[in-house]
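structure14.cif (mmCIF, C-alpha atoms) appears below.
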data_entry
loop_
_atom_site.group_PDB
_atom_site.id
_atom_site.type_symbol
_atom_site.label_atom_id
_atom_site.label_comp_id
_atom_site.auth_asym_id
_atom_site.auth_seq_id
_atom_site.Cartn_x
_atom_site.Cartn_y
_atom_site.Cartn_z
ATOM 1 C CA MET A 22 141.825 160.448 389.913
ATOM 2 C CA GLN A 23 143.920 158.010 387.903
ATOM 3 C CA ARG A 24 140.841 155.801 387.264
ATOM 4 C CA ARG A 25 138.773 158.787 386.087
ATOM 5 C CA THR A 26 141.623 159.878 383.780
ATOM 6 C CA LEU A 27 141.844 156.417 382.261
ATOM 7 C CA LEU A 28 138.069 156.233 381.791
ATOM 8 C CA GLY A 29 138.089 159.673 380.133
ATOM 9 C CA ALA A 30 140.881 158.638 377.805
ATOM 10 C CA ALA A 31 139.065 155.411 376.958
ATOM 11 C CA SER A 32 135.827 157.231 376.141
ATOM 12 C CA ALA A 33 137.715 159.567 373.828
ATOM 13 C CA LEU A 34 139.194 156.693 371.807
ATOM 14 C CA PRO A 35 136.180 156.157 369.503
ATOM 15 C CA VAL A 36 136.054 159.878 368.688
ATOM 16 C CA TRP A 37 139.788 159.966 368.011
ATOM 17 C CA ALA A 38 139.582 156.842 365.888
ATOM 18 C CA ALA A 39 136.697 158.292 363.878
ATOM 19 C CA HIS A 40 138.629 161.514 363.197
ATOM 20 C CA ARG A 41 141.703 159.527 362.216
ATOM 21 C CA ALA A 42 139.676 157.318 359.865
ATOM 22 C CA ALA A 43 138.091 160.382 358.244
ATOM 23 C CA ALA A 44 141.479 162.070 357.907
ATOM 24 C CA GLN A 45 142.839 158.978 356.161
ATOM 25 C CA GLY A 46 139.805 158.673 353.883
ATOM 26 C CA ASP A 47 138.648 155.317 355.313
ATOM 27 C CA THR A 48 135.022 156.478 355.588
ATOM 28 C CA TRP A 49 134.954 158.547 352.395
ATOM 29 C CA PRO A 50 132.491 159.132 350.873
ATOM 30 C CA ASP A 51 129.638 159.130 353.359
ATOM 31 C CA ARG A 52 127.652 161.881 351.625
ATOM 32 C CA THR A 53 127.236 163.593 348.236
ATOM 33 C CA VAL A 54 130.398 164.604 346.348
ATOM 34 C CA LEU A 55 130.245 167.873 344.390
ATOM 35 C CA MET A 56 132.085 168.088 341.057
ATOM 36 C CA ILE A 57 132.486 171.727 340.012
ATOM 37 C CA VAL A 58 132.679 172.450 336.282
ATOM 38 C CA PRO A 59 133.840 176.089 335.906
ATOM 39 C CA TYR A 60 131.974 176.586 332.626
ATOM 40 C CA ALA A 61 128.401 176.575 331.358
ATOM 41 C CA PRO A 62 126.687 173.254 330.577
ATOM 42 C CA GLY A 63 127.466 171.580 327.260
ATOM 43 C CA GLY A 64 131.203 172.244 327.063
ATOM 44 C CA SER A 65 133.950 169.627 326.965
ATOM 45 C CA ASN A 66 134.559 169.647 330.737
ATOM 46 C CA ASP A 67 130.849 169.325 331.422
ATOM 47 C CA VAL A 68 130.434 166.422 329.001
ATOM 48 C CA VAL A 69 133.377 164.508 330.483
ATOM 49 C CA ALA A 70 132.128 165.070 334.045
ATOM 50 C CA ARG A 71 128.649 163.807 333.214
ATOM 51 C CA LEU A 72 130.047 160.757 331.427
ATOM 52 C CA LEU A 73 131.987 159.804 334.555
ATOM 53 C CA THR A 74 129.420 160.403 337.306
ATOM 54 C CA PRO A 75 127.267 157.263 336.776
ATOM 55 C CA GLY A 76 130.327 155.037 337.129
ATOM 56 C CA LEU A 77 131.603 156.896 340.184
ATOM 57 C CA GLN A 78 128.205 156.625 341.857
ATOM 58 C CA ALA A 79 128.014 152.897 341.135
ATOM 59 C CA THR A 80 131.492 152.282 342.567
ATOM 60 C CA PHE A 81 131.324 154.446 345.691
ATOM 61 C CA GLY A 82 127.614 154.133 346.454
ATOM 62 C CA ARG A 83 127.126 157.889 346.863
ATOM 63 C CA SER A 84 125.846 160.670 344.633
ATOM 64 C CA PHE A 85 128.357 162.582 342.502
ATOM 65 C CA VAL A 86 126.675 165.828 341.443
ATOM 66 C CA VAL A 87 127.973 168.027 338.620
ATOM 67 C CA GLU A 88 127.535 171.741 339.311
ATOM 68 C CA ASN A 89 128.313 174.392 336.680
ATOM 69 C CA ARG A 90 129.884 177.562 338.087
ATOM 70 C CA ALA A 91 130.730 179.674 335.045
ATOM 71 C CA GLY A 92 132.408 183.082 335.029
ATOM 72 C CA GLY A 93 135.772 184.776 334.768
ATOM 73 C CA GLY A 94 137.155 182.394 332.184
ATOM 74 C CA GLY A 95 136.715 179.531 334.637
ATOM 75 C CA SER A 96 138.159 181.399 337.606
ATOM 76 C CA VAL A 97 134.874 181.588 339.572
ATOM 77 C CA GLY A 98 134.331 177.850 339.875
ATOM 78 C CA MET A 99 138.022 177.161 340.196
ATOM 79 C CA GLY A 100 138.352 179.636 343.052
ATOM 80 C CA GLN A 101 135.446 177.986 344.848
ATOM 81 C CA VAL A 102 137.278 174.651 344.857
ATOM 82 C CA ALA A 103 140.648 176.210 345.725
ATOM 83 C CA ARG A 104 139.082 177.677 348.889
ATOM 84 C CA ALA A 105 136.937 174.656 349.785
ATOM 85 C CA ARG A 106 137.483 172.346 352.756
ATOM 86 C CA PRO A 107 140.024 169.655 351.710
ATOM 87 C CA ASP A 108 137.834 166.694 352.649
ATOM 88 C CA GLY A 109 137.205 165.091 349.260
ATOM 89 C CA TYR A 110 133.646 166.377 348.882
ATOM 90 C CA THR A 111 134.392 169.287 346.516
ATOM 91 C CA LEU A 112 136.253 168.451 343.307
ATOM 92 C CA LEU A 113 137.208 170.453 340.216
ATOM 93 C CA VAL A 114 136.838 169.256 336.635
ATOM 94 C CA SER A 115 139.509 171.516 335.190
ATOM 95 C CA SER A 116 141.047 172.285 331.804
ATOM 96 C CA ALA A 117 144.141 173.865 330.329
ATOM 97 C CA SER A 118 142.168 177.055 329.633
ATOM 98 C CA ASN A 119 141.155 177.910 333.187
ATOM 99 C CA HIS A 120 143.927 176.075 335.028
ATOM 100 C CA VAL A 121 146.971 177.422 333.168
ATOM 101 C CA PHE A 122 146.240 179.910 330.397
ATOM 102 C CA ASN A 123 143.740 182.055 332.276
ATOM 103 C CA HIS A 124 146.086 182.340 335.272
ATOM 104 C CA LEU A 125 148.970 183.390 333.055
ATOM 105 C CA VAL A 126 146.876 186.053 331.316
ATOM 106 C CA VAL A 127 145.191 187.196 334.574
ATOM 107 C CA PRO A 128 147.732 186.211 337.261
ATOM 108 C CA ASP A 129 146.364 188.093 340.296
ATOM 109 C CA GLN A 130 143.418 185.876 341.269
ATOM 110 C CA GLY A 131 144.218 185.416 344.942
ATOM 111 C CA TYR A 132 145.663 181.918 344.685
ATOM 112 C CA ASP A 133 148.103 179.843 342.652
ATOM 113 C CA PRO A 134 146.635 176.592 341.251
ATOM 114 C CA ARG A 135 149.998 174.884 341.722
ATOM 115 C CA GLN A 136 149.738 175.369 345.497
ATOM 116 C CA ALA A 137 145.978 175.573 346.073
ATOM 117 C CA LEU A 138 144.983 172.428 344.176
ATOM 118 C CA SER A 139 146.163 168.823 344.159
ATOM 119 C CA ALA A 140 145.856 166.659 341.075
ATOM 120 C CA ILE A 141 143.739 163.522 341.165
ATOM 121 C CA ALA A 142 144.076 162.475 337.530
ATOM 122 C CA MET A 143 144.620 163.690 334.008
ATOM 123 C CA MET A 144 141.639 162.381 332.081
ATOM 124 C CA VAL A 145 141.009 163.465 328.504
ATOM 125 C CA ASP A 146 142.728 165.253 325.642
ATOM 126 C CA VAL A 147 140.296 167.657 323.987
ATOM 127 C CA PRO A 148 142.118 168.793 320.816
ATOM 128 C CA ASN A 149 142.117 172.368 319.598
ATOM 129 C CA ALA A 150 141.064 172.700 315.977
ATOM 130 C CA LEU A 151 141.713 175.446 313.439
ATOM 131 C CA ALA A 152 138.606 175.904 311.302
ATOM 132 C CA VAL A 153 137.750 178.362 308.533
ATOM 133 C CA HIS A 154 134.676 179.502 306.632
ATOM 134 C CA PRO A 155 134.491 177.808 303.206
ATOM 135 C CA SER A 156 134.409 181.206 301.469
ATOM 136 C CA LEU A 157 138.128 181.620 302.212
ATOM 137 C CA GLY A 158 138.792 178.974 299.583
ATOM 138 C CA VAL A 159 141.718 177.355 301.413
ATOM 139 C CA SER A 160 142.240 173.650 302.076
ATOM 140 C CA ASP A 161 145.282 173.545 304.348
ATOM 141 C CA VAL A 162 147.291 175.607 306.809
ATOM 142 C CA GLN A 163 149.821 176.872 304.259
ATOM 143 C CA GLY A 164 146.997 178.036 302.021
ATOM 144 C CA LEU A 165 145.500 179.924 304.975
ATOM 145 C CA LEU A 166 148.839 181.548 305.836
ATOM 146 C CA ALA A 167 149.208 182.728 302.230
ATOM 147 C CA LYS A 168 145.676 184.158 302.361
ATOM 148 C CA ILE A 169 146.409 186.018 305.608
ATOM 149 C CA ARG A 170 149.635 187.493 304.219
ATOM 150 C CA ALA A 171 147.779 188.678 301.119
ATOM 151 C CA THR A 172 145.043 190.376 303.163
ATOM 152 C CA ARG A 173 145.641 193.925 304.313
ATOM 153 C CA GLY A 174 145.402 193.998 308.119
ATOM 154 C CA GLY A 175 145.424 190.212 308.295
ATOM 155 C CA LEU A 176 142.444 188.103 309.382
ATOM 156 C CA SER A 177 140.406 187.889 312.561
ATOM 157 C CA PHE A 178 140.027 184.665 314.502
ATOM 158 C CA ALA A 179 137.352 183.704 317.016
ATOM 159 C CA SER A 180 137.996 181.941 320.320
ATOM 160 C CA THR A 181 136.080 181.006 323.449
ATOM 161 C CA GLY A 182 137.484 183.991 325.331
ATOM 162 C CA VAL A 183 140.579 185.813 326.513
ATOM 163 C CA GLY A 184 142.986 183.447 328.221
ATOM 164 C CA SER A 185 141.407 180.294 326.775
ATOM 165 C CA SER A 186 143.419 177.569 325.086
ATOM 166 C CA ASN A 187 141.721 178.597 321.832
ATOM 167 C CA HIS A 188 142.944 182.181 322.277
ATOM 168 C CA LEU A 189 146.502 181.017 322.955
ATOM 169 C CA ALA A 190 146.328 178.640 319.988
ATOM 170 C CA GLY A 191 145.805 181.648 317.727
ATOM 171 C CA GLU A 192 148.526 183.652 319.442
ATOM 172 C CA LEU A 193 150.961 180.774 319.036
ATOM 173 C CA LEU A 194 150.225 180.524 315.314
ATOM 174 C CA ARG A 195 150.872 184.255 314.994
ATOM 175 C CA LEU A 196 154.169 183.990 316.836
ATOM 176 C CA ARG A 197 155.364 180.904 314.961
ATOM 177 C CA THR A 198 154.538 182.236 311.479
ATOM 178 C CA GLY A 199 154.650 186.031 311.745
ATOM 179 C CA VAL A 200 151.213 186.505 310.159
ATOM 180 C CA GLU A 201 148.866 189.258 311.301
ATOM 181 C CA LEU A 202 145.928 187.933 313.316
ATOM 182 C CA ASN A 203 143.276 189.804 315.278
ATOM 183 C CA HIS A 204 141.632 188.116 318.241
ATOM 184 C CA VAL A 205 137.830 188.192 318.598
ATOM 185 C CA PRO A 206 136.826 186.671 321.964
ATOM 186 C CA TYR A 207 133.410 185.070 322.455
ATOM 187 C CA ARG A 208 131.569 183.897 325.571
ATOM 188 C CA GLY A 209 131.803 180.247 324.633
ATOM 189 C CA GLY A 210 132.227 177.823 321.769
ATOM 190 C CA GLY A 211 128.592 177.962 320.637
ATOM 191 C CA PRO A 212 128.465 181.695 319.819
ATOM 192 C CA ALA A 213 131.905 181.570 318.199
ATOM 193 C CA LEU A 214 130.902 178.631 316.012
ATOM 194 C CA SER A 215 127.639 180.337 315.003
ATOM 195 C CA ASP A 216 129.504 183.387 313.744
ATOM 196 C CA LEU A 217 132.055 181.203 311.945
ATOM 197 C CA ILE A 218 129.253 179.328 310.151
ATOM 198 C CA ALA A 219 127.631 182.656 309.251
ATOM 199 C CA GLY A 220 130.911 184.023 307.924
ATOM 200 C CA THR A 221 130.975 186.865 310.459
ATOM 201 C CA VAL A 222 134.492 185.731 311.358
ATOM 202 C CA PRO A 223 136.629 183.971 308.732
ATOM 203 C CA MET A 224 138.471 181.598 311.051
ATOM 204 C CA ALA A 225 138.362 180.227 314.572
ATOM 205 C CA PHE A 226 140.254 178.105 317.058
ATOM 206 C CA LEU A 227 137.746 175.884 318.867
ATOM 207 C CA ASN A 228 137.743 172.564 320.674
ATOM 208 C CA LEU A 229 137.352 169.746 318.169
ATOM 209 C CA PRO A 230 134.124 168.335 319.708
ATOM 210 C CA THR A 231 132.532 171.780 319.288
ATOM 211 C CA VAL A 232 133.384 172.260 315.635
ATOM 212 C CA LEU A 233 133.446 168.679 314.308
ATOM 213 C CA PRO A 234 129.684 168.389 313.534
ATOM 214 C CA ALA A 235 129.763 171.622 311.502
ATOM 215 C CA HIS A 236 132.847 170.356 309.646
ATOM 216 C CA GLU A 237 131.133 167.084 308.803
ATOM 217 C CA ALA A 238 128.066 169.013 307.605
ATOM 218 C CA GLY A 239 130.224 171.114 305.260
ATOM 219 C CA GLN A 240 129.414 174.355 307.079
ATOM 220 C CA VAL A 241 133.051 174.994 308.042
ATOM 221 C CA LYS A 242 136.366 173.375 307.179
ATOM 222 C CA ILE A 243 138.835 172.098 309.769
ATOM 223 C CA LEU A 244 142.383 172.675 308.523
ATOM 224 C CA GLY A 245 144.287 171.060 311.389
ATOM 225 C CA VAL A 246 144.475 170.171 315.048
ATOM 226 C CA GLY A 247 146.929 171.481 317.628
ATOM 227 C CA GLY A 248 148.143 168.177 319.065
ATOM 228 C CA LYS A 249 151.561 166.574 318.842
ATOM 229 C CA LYS A 250 150.175 163.789 316.652
ATOM 230 C CA ARG A 251 147.043 162.970 314.711
ATOM 231 C CA LEU A 252 144.045 161.601 316.568
ATOM 232 C CA SER A 253 143.533 157.865 316.251
ATOM 233 C CA SER A 254 139.803 158.561 315.972
ATOM 234 C CA ARG A 255 140.294 161.129 313.163
ATOM 235 C CA PRO A 256 143.537 160.298 311.346
ATOM 236 C CA ASP A 257 142.266 162.211 308.298
ATOM 237 C CA ILE A 258 142.781 165.540 310.087
ATOM 238 C CA ALA A 259 146.437 166.630 309.962
ATOM 239 C CA THR A 260 148.210 168.442 312.765
ATOM 240 C CA ILE A 261 149.141 172.080 312.319
ATOM 241 C CA ALA A 262 152.770 171.268 313.096
ATOM 242 C CA GLU A 263 153.102 168.759 310.255
ATOM 243 C CA GLN A 264 151.787 171.397 307.842
ATOM 244 C CA GLY A 265 154.914 173.497 308.129
ATOM 245 C CA VAL A 266 154.470 175.227 311.488
ATOM 246 C CA PRO A 267 157.347 173.905 313.624
ATOM 247 C CA ASP A 268 157.077 173.620 317.413
ATOM 248 C CA TYR A 269 153.329 174.143 317.329
ATOM 249 C CA GLU A 270 151.440 172.288 320.045
ATOM 250 C CA VAL A 271 148.417 173.362 322.073
ATOM 251 C CA GLN A 272 146.942 170.654 324.259
ATOM 252 C CA SER A 273 143.517 171.338 325.757
ATOM 253 C CA TRP A 274 143.305 168.665 328.434
ATOM 254 C CA THR A 275 140.684 167.928 331.081
ATOM 255 C CA GLY A 276 141.711 166.745 334.561
ATOM 256 C CA LEU A 277 140.278 166.203 338.021
ATOM 257 C CA PHE A 278 141.592 168.176 341.007
ATOM 258 C CA ALA A 279 140.869 168.666 344.723
ATOM 259 C CA PRO A 280 141.767 171.338 347.284
ATOM 260 C CA SER A 281 145.338 171.028 348.517
ATOM 261 C CA GLY A 282 145.444 168.939 351.694
ATOM 262 C CA THR A 283 142.759 166.460 350.629
ATOM 263 C CA PRO A 284 143.569 163.055 352.224
ATOM 264 C CA ARG A 285 145.889 161.042 350.036
ATOM 265 C CA PRO A 286 143.822 157.846 350.226
ATOM 266 C CA VAL A 287 140.834 159.742 348.793
ATOM 267 C CA ILE A 288 142.939 161.050 345.914
ATOM 268 C CA GLU A 289 144.407 157.606 345.208
ATOM 269 C CA ARG A 290 141.011 155.871 345.281
ATOM 270 C CA LEU A 291 139.474 158.426 342.936
ATOM 271 C CA SER A 292 142.432 158.330 340.571
ATOM 272 C CA ALA A 293 142.314 154.544 340.286
ATOM 273 C CA GLU A 294 138.574 154.552 339.599
ATOM 274 C CA ILE A 295 138.890 157.287 336.960
ATOM 275 C CA ARG A 296 141.465 155.096 335.212
ATOM 276 C CA ASN A 297 139.102 152.118 335.300
ATOM 277 C CA LEU A 298 136.192 154.131 333.918
ATOM 278 C CA LEU A 299 138.198 155.704 331.096
ATOM 279 C CA GLY A 300 139.349 152.240 330.039
ATOM 280 C CA THR A 301 135.872 150.807 329.503
ATOM 281 C CA PRO A 302 134.816 150.156 325.873
ATOM 282 C CA THR A 303 131.707 152.325 326.285
ATOM 283 C CA MET A 304 133.718 155.318 327.509
ATOM 284 C CA ARG A 305 136.370 154.930 324.816
ATOM 285 C CA GLN A 306 133.705 154.801 322.118
ATOM 286 C CA ARG A 307 131.945 157.885 323.482
ATOM 287 C CA LEU A 308 135.187 159.856 323.678
ATOM 288 C CA ASN A 309 136.067 158.869 320.101
ATOM 289 C CA GLU A 310 132.664 160.097 318.944
ATOM 290 C CA LEU A 311 133.472 163.429 320.588
ATOM 291 C CA GLY A 312 136.884 163.631 318.917
ATOM 292 C CA SER A 313 138.651 163.227 322.267
ATOM 293 C CA GLU A 314 141.036 160.644 323.725
ATOM 294 C CA ASP A 315 141.829 159.093 327.099
ATOM 295 C CA ILE A 316 145.190 160.362 328.409
ATOM 296 C CA TRP A 317 144.919 159.166 332.025
ATOM 297 C CA ALA A 318 147.837 159.999 334.315
ATOM 298 C CA GLY A 319 148.108 159.664 338.101
ATOM 299 C CA PRO A 320 148.356 162.431 340.720
ATOM 300 C CA ALA A 321 152.134 162.935 340.756
ATOM 301 C CA GLU A 322 152.488 162.851 336.977
ATOM 302 C CA THR A 323 149.564 165.250 336.537
ATOM 303 C CA ASP A 324 150.955 167.706 339.094
ATOM 304 C CA ALA A 325 154.316 167.643 337.309
ATOM 305 C CA PHE A 326 152.634 168.119 333.927
ATOM 306 C CA VAL A 327 150.677 171.175 335.148
ATOM 307 C CA ARG A 328 153.855 172.789 336.471
ATOM 308 C CA ALA A 329 155.589 172.108 333.157
ATOM 309 C CA GLU A 330 152.654 173.713 331.312
ATOM 310 C CA PHE A 331 153.051 176.896 333.384
ATOM 311 C CA ASP A 332 156.785 176.964 332.618
ATOM 312 C CA ARG A 333 156.261 176.349 328.917
ATOM 313 C CA TRP A 334 153.471 178.861 328.344
ATOM 314 C CA ALA A 335 154.603 181.751 330.571
ATOM 315 C CA PRO A 336 157.152 183.130 328.060
ATOM 316 C CA ILE A 337 154.757 182.544 325.131
ATOM 317 C CA VAL A 338 151.979 184.522 326.856
ATOM 318 C CA LYS A 339 154.419 187.300 327.699
ATOM 319 C CA GLN A 340 155.743 187.416 324.150
ATOM 320 C CA SER A 341 152.240 187.418 322.662
ATOM 321 C CA GLY A 342 151.113 190.333 324.817
ATOM 322 C CA ALA A 343 147.871 188.520 325.637
ATOM 323 C CA THR A 344 146.062 190.319 328.447
ATOM 324 C CA ASN A 345 142.565 190.632 329.839
ATOM 325 C CA ASN A 346 142.275 194.219 328.618
#

Have the structure of the file written as structure tokens, please.
Amino acid sequence: MQRRTLLGAASALPVWAAHRAAAQGDTWPDRTVLMIVPYAPGGSNDVVARLLTPGLQATFGRSFVVENRAGGGGSVGMGQVARARPDGYTLLVSSASNHVFNHLVVPDQGYDPRQALSAIAMMVDVPNALAVHPSLGVSDVQGLLAKIRATRGGLSFASTGVGSSNHLAGELLRLRTGVELNHVPYRGGGPALSDLIAGTVPMAFLNLPTVLPAHEAGQVKILGVGGKKRLSSRPDIATIAEQGVPDYEVQSWTGLFAPSGTPRPVIERLSAEIRNLLGTPTMRQRLNELGSEDIWAGPAETDAFVRAEFDRWAPIVKQSGATNN
């Protein structure tokens, strides 16, 4: 009996060792890794994901496939990852819009990102830009504010949807200056930009990569960006804060996340490789062309940053009255 028990235990060792190795991430990845982008193709998250996948595939020797799961302001794709098996094979390319703002505007989504998702890395800063139609005849933020105050009923502004960083950028300007603004949500940056170019809406808050080509073509005019400081790639564009709007900052970041419980070695390996890829000259040049910047941060720092974003924006959303109605 003792001999049979020992033989049984010995035969189980390889299975146990294999499970332990998998749990620690030693064998990861041994199949395709899915990177969920919770928006339609062509947006900032999608572009960043597709820039990174060739390098990830070359390093890890497995396919990294970008899958777009749009809907619900990013909540559809995000929910899929939040409920996925925490094995490192389903990742989320997330942004401030769907990760923080959308959950503050529509809080009852069945999960809390702060508990359901673990950060792998903060990757890219995608600045918010305030752009206007040239017919407004303004050249800076103060000129726009004067125009709004002189217009009965104020002005309307376009965004990429309720609960997006662009929406909250407009609400924050309203709160910080007291001007009257009316939100017009669109189903993405493309439709919003088209109506801004056509003059259907006089102003819009959009991600800089979306609106920059139209600005350079003279079809619209960017008045400022929502970051804490000017972009090194576009130092000619002033921040909104430095144009007389104190305490104005809206950061539209892109980060990589995994379901909570994903093996730590997997998270650490991915985070380190993301840092390496973002630091390459080719990637830096491409991000600069898009009007974006590398802001890599590790798992712990990114988790802390996300929690701080929830704390910072919760009272602003409440004060603004922004809802999904």

Which neighbours of Gln163 in chain A fall inside 9 Å, counting all atoms listed in the file, when residues of the same chain fewer than 5 positions from it are skipped, and could you give them as a list in words? Lys168, Gln264, Gly265 and Val266 of chain A

Expand the PyMOL selection byres ((chain A and resi 136) around 10) into the explicit residue set it covers here, and present it as a ChimeraX atom specification. /A:103,132-135,137-139,280-282

For the PyMOL selection byres ((chain A and resi 152) around 12), applied here, can you spell out every residue it catches as a PyMOL selection string? chain A and resi 149-151+153-157+159-162+165+178-180+187+190-191+213-214+217-218+220+222-229+231-237+239-247+258+261

Separation of CA of Ile141 in chain A and CA of Pro320 in chain A, in Å? 4.8 Å

Neighbour list for Gly63 in chain A as a PDB file with C-alpha atoms, in the frame of the given file, cut-off 10 Å, only C-alpha atoms, skip fewer than 5 positions in-chain:
ATOM      1  CA  VAL A  68     130.434 166.422 329.001  1.00  0.00           C
ATOM      2  CA  VAL A  69     133.377 164.508 330.483  1.00  0.00           C
ATOM      3  CA  ARG A  71     128.649 163.807 333.214  1.00  0.00           C
ATOM      4  CA  ASN A  89     128.313 174.392 336.680  1.00  0.00           C
ATOM      5  CA  GLY A 210     132.227 177.823 321.769  1.00  0.00           C
ATOM      6  CA  GLY A 211     128.592 177.962 320.637  1.00  0.00           C
ATOM      7  CA  THR A 231     132.532 171.780 319.288  1.00  0.00           C
TER       8      THR A 231
END

Gap from CA of Lys249 in chain A to CA of Glu270 in chain A - Å, one decimal: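 Computed distance, CA of Lys249 in chain A to CA of Glu270 in chain A, equals 5.8 Å.
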
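Using all atoms listed in the file, the smallest distance between any of A:Ala219, A:Val126, A:Ala140, A:Ile57 and Ala279 in chain A comes from A:Ala140.
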
I'd like the residues picked by the PyMOL selection byres ((chain A and resi 182) around 10) written out as a PDB file with C-alpha atoms, keeping the file's coordinate frame, using the chain letters and numbers from the file.
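File written: result.pdb
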ATOM      1  CA  GLY A  93     135.772 184.776 334.768  1.00  0.00           C
ATOM      2  CA  GLY A  94     137.155 182.394 332.184  1.00  0.00           C
ATOM      3  CA  SER A 118     142.168 177.055 329.633  1.00  0.00           C
ATOM      4  CA  ASN A 123     143.740 182.055 332.276  1.00  0.00           C
ATOM      5  CA  ALA A 179     137.352 183.704 317.016  1.00  0.00           C
ATOM      6  CA  SER A 180     137.996 181.941 320.320  1.00  0.00           C
ATOM      7  CA  THR A 181     136.080 181.006 323.449  1.00  0.00           C
ATOM      8  CA  VAL A 183     140.579 185.813 326.513  1.00  0.00           C
ATOM      9  CA  GLY A 184     142.986 183.447 328.221  1.00  0.00           C
ATOM     10  CA  SER A 185     141.407 180.294 326.775  1.00  0.00           C
ATOM     11  CA  SER A 186     143.419 177.569 325.086  1.00  0.00           C
ATOM     12  CA  ASN A 187     141.721 178.597 321.832  1.00  0.00           C
ATOM     13  CA  HIS A 188     142.944 182.181 322.277  1.00  0.00           C
ATOM     14  CA  LEU A 189     146.502 181.017 322.955  1.00  0.00           C
ATOM     15  CA  HIS A 204     141.632 188.116 318.241  1.00  0.00           C
ATOM     16  CA  VAL A 205     137.830 188.192 318.598  1.00  0.00           C
ATOM     17  CA  PRO A 206     136.826 186.671 321.964  1.00  0.00           C
ATOM     18  CA  TYR A 207     133.410 185.070 322.455  1.00  0.00           C
ATOM     19  CA  ARG A 208     131.569 183.897 325.571  1.00  0.00           C
ATOM     20  CA  GLY A 209     131.803 180.247 324.633  1.00  0.00           C
ATOM     21  CA  GLY A 210     132.227 177.823 321.769  1.00  0.00           C
ATOM     22  CA  ALA A 213     131.905 181.570 318.199  1.00  0.00           C
ATOM     23  CA  ASN A 345     142.565 190.632 329.839  1.00  0.00           C
TER      24      ASN A 345
END

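The shortest atom-to-atom distance to Arg106 in chain A, with only C-alpha atoms taken into account, belongs to A:Leu55 out of A:Leu55, A:His124, A:Arg197, A:Ala321.
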
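Each of A:Arg305, A:Leu176, A:Phe122, A:Ala61 was compared to Pro336 in chain A using only C-alpha atoms, and A:Phe122 turns out to be the nearest.
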
Length of the CA of Glu263 in chain A to CA of Leu194 in chain A vector [Å]: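 That distance, rounded to one decimal, is 13.1 Å.
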
Draw an axis-aligned box tight on the listed atoms of range 171-184 of chain A, then pad every side by 3 Å and write out centre and edge lengths in Å to one decimal as AutoDock Vina command-line options.
--center_x 141.9 --center_y 187.5 --center_z 314.7 --size_x 17.7 --size_y 19.0 --size_z 33.1

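Proximity ranking of A:Lys250, A:Pro62, A:Ala142, A:Gly276 relative to Gly319 in chain A places A:Ala142 first, based on only C-alpha atoms.
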
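Minimum atom-to-atom distances from A:Ala70, A:Val147, A:Val102, A:Leu193 to Pro267 in chain A were compared using all atoms listed in the file, and the lowest value belongs to A:Leu193.
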